[in-house]
Amino acid sequence: MDGFTYTNIFATKGIEYLAIIGFFLLLIPFWILLTRKSKSPEQGQLSSSLITSKALRIPHGIFFSKFHSWTFLERNGLAKVGLDDLLLHLTGEVNITHLKQPGQKVKKGELLTQINHHGKSLHIFSPISGIIQQANELLTEEPELMREDPYRQGWIYQIKPAAWKADTNTHFLAEDASKWAAQELIRFKDFLSISVNQHLPDPSQVVLQDGGELVEHPMAELPPEVWQDFQEQFLT
């Protein structure tokens, strides 16, 4: 046809344009993947900054007492004791004051040790009766082990049990322990609303996240009076 000109794009610059378009089409999936990966650490940090029942570590085989201490019978017949994960989530990092020495006897429900956080303290009671074999000396230099690994490296005492079966009969184990910890978390939220209103001039300083979830270490900045209330209602 007169006046009509056909241009083959593959014989011109058109092939370069197609190559550029193809490159961007290939780039899009990688960009989406990288965006998702970059978001996940932030999402992980957000979830780890809240205390939920699902986030609590409740290993099977460990006996949990109502004093928020735990015990585990080893193959050698000795039992280790320590602080449960919920208590450590609530208080934040604490250090230990050993109140028992190797060779001393202790009874179930008797004062075993004391945990401290910036001048505030809580008394911890023994989940079992027996004779103290040794204290975990690692906690003197690395108290954070209690929070990071409470059921292995973070144990507090090793005890030779005097009445293992009778002492652990009232403790929580496996699924029962998980249900109890979830109930304790709910009870703590109710406790906070009452104790904080009594002891803080501005209760709005303590808030829950959207959805009613607790922020990590809610007791860390609360006054000694709230710690004392907590002692009486949760640990005694």
# chains A, B, ... in the order shown; residues from 1 in each chain; ligands from 1

$ residues_around --residues "A:Lys80" --least-positions-apart "5" --cutoff "10 Å" --atoms "only C-alpha atoms" --output "compact mmCIF listing (two decimals) with N, CA, C and O atoms, in the first residue's frame"
# COMPACT_ATOMS: atom_id res chain seq x y z
N ILE A 62 8.04 -31.67 83.52
CA ILE A 62 8.41 -30.77 84.62
C ILE A 62 7.18 -30.50 85.47
O ILE A 62 6.09 -30.26 84.96
N TRP A 70 9.45 -24.62 89.89
CA TRP A 70 9.29 -25.91 89.22
C TRP A 70 10.32 -26.89 89.75
O TRP A 70 11.32 -26.52 90.37
N THR A 71 10.07 -28.18 89.47
CA THR A 71 11.03 -29.21 89.84
C THR A 71 11.02 -30.33 88.80
O THR A 71 9.99 -30.59 88.17
N PHE A 72 12.19 -30.95 88.63
CA PHE A 72 12.34 -32.03 87.65
C PHE A 72 13.26 -33.08 88.25
O PHE A 72 14.37 -32.77 88.71
N LEU A 73 12.81 -34.33 88.23
CA LEU A 73 13.58 -35.42 88.80
C LEU A 73 14.50 -36.00 87.73
O LEU A 73 14.05 -36.47 86.68
N GLU A 74 15.81 -35.97 88.01
CA GLU A 74 16.80 -36.48 87.07
C GLU A 74 17.03 -37.97 87.27
O GLU A 74 16.60 -38.57 88.27
N ILE A 128 9.50 -28.72 96.68
CA ILE A 128 9.68 -30.06 97.26
C ILE A 128 10.45 -29.97 98.58
O ILE A 128 11.06 -28.94 98.88
N ILE A 132 19.49 -29.86 100.33
CA ILE A 132 20.16 -29.10 99.28
C ILE A 132 21.49 -29.77 98.94
O ILE A 132 22.32 -30.02 99.82
N GLN A 133 21.69 -30.05 97.65
CA GLN A 133 22.95 -30.64 97.21
C GLN A 133 23.91 -29.58 96.69
O GLN A 133 25.09 -29.59 97.03
N GLN A 134 23.39 -28.68 95.88
CA GLN A 134 24.23 -27.60 95.36
C GLN A 134 23.37 -26.48 94.80
O GLN A 134 22.20 -26.68 94.46
N ALA A 135 23.96 -25.30 94.76
CA ALA A 135 23.33 -24.14 94.12
C ALA A 135 23.98 -23.95 92.76
O ALA A 135 25.13 -24.34 92.54
N ASN A 136 23.26 -23.38 91.83
CA ASN A 136 23.78 -23.13 90.49
C ASN A 136 24.65 -21.88 90.51
O ASN A 136 24.14 -20.76 90.46
N TYR A 151 14.72 -23.83 82.29
CA TYR A 151 14.55 -25.23 82.68
C TYR A 151 15.79 -26.09 82.47
O TYR A 151 15.78 -27.27 82.79
N ARG A 152 16.83 -25.52 81.94
CA ARG A 152 18.07 -26.29 81.76
C ARG A 152 19.22 -25.58 82.47
O ARG A 152 19.59 -25.94 83.58
N GLY A 154 19.21 -22.56 83.64
CA GLY A 154 18.76 -21.57 84.61
C GLY A 154 18.21 -22.13 85.90
O GLY A 154 17.56 -21.39 86.66
N TRP A 155 18.44 -23.40 86.20
CA TRP A 155 17.98 -23.96 87.47
C TRP A 155 18.69 -23.26 88.64
O TRP A 155 19.78 -22.70 88.48
N ILE A 156 18.07 -23.32 89.83
CA ILE A 156 18.62 -22.60 90.98
C ILE A 156 19.28 -23.54 91.98
O ILE A 156 20.40 -23.30 92.42
N TYR A 157 18.59 -24.62 92.34
CA TYR A 157 19.14 -25.57 93.30
C TYR A 157 18.96 -27.00 92.79
O TYR A 157 18.02 -27.30 92.03
N GLN A 158 19.85 -27.85 93.25
CA GLN A 158 19.69 -29.29 93.09
C GLN A 158 19.43 -29.87 94.48
O GLN A 158 20.17 -29.58 95.42
N ILE A 159 18.35 -30.65 94.59
CA ILE A 159 17.89 -31.14 95.89
C ILE A 159 17.72 -32.65 95.86
O ILE A 159 17.24 -33.21 94.87
N LYS A 160 18.09 -33.30 96.95
CA LYS A 160 17.81 -34.73 97.11
C LYS A 160 16.42 -34.83 97.73
O LYS A 160 16.23 -34.48 98.90
N PRO A 161 15.43 -35.32 96.98
CA PRO A 161 14.05 -35.31 97.48
C PRO A 161 13.85 -36.23 98.68
O PRO A 161 14.45 -37.30 98.77

$ closest_atom_pairs --of "stretch 65-164 of chain A" --to "stretch 179-199 of chain A" --cutoff "10 Å" --atoms "only C-alpha atoms" --output "Markdown table"
| residue | atom | partner | partner_atom | distance |
| --- | --- | --- | --- | --- |
| A:Lys66 | CA | A:Trp180 | CA | 9.0 |
| A:His68 | CA | A:Ala181 | CA | 9.2 |
| A:Asp84 | CA | A:Ala181 | CA | 9.5 |
| A:Asp85 | CA | A:Ala181 | CA | 9.3 |
| A:Leu86 | CA | A:Ala181 | CA | 7.2 |
| A:Leu87 | CA | A:Leu185 | CA | 9.7 |
| A:Leu90 | CA | A:Phe188 | CA | 9.2 |

$ atom_distance --atom1 "atom CA of A:Gln228" --atom2 "atom CA of A:His118"
14.3 Å
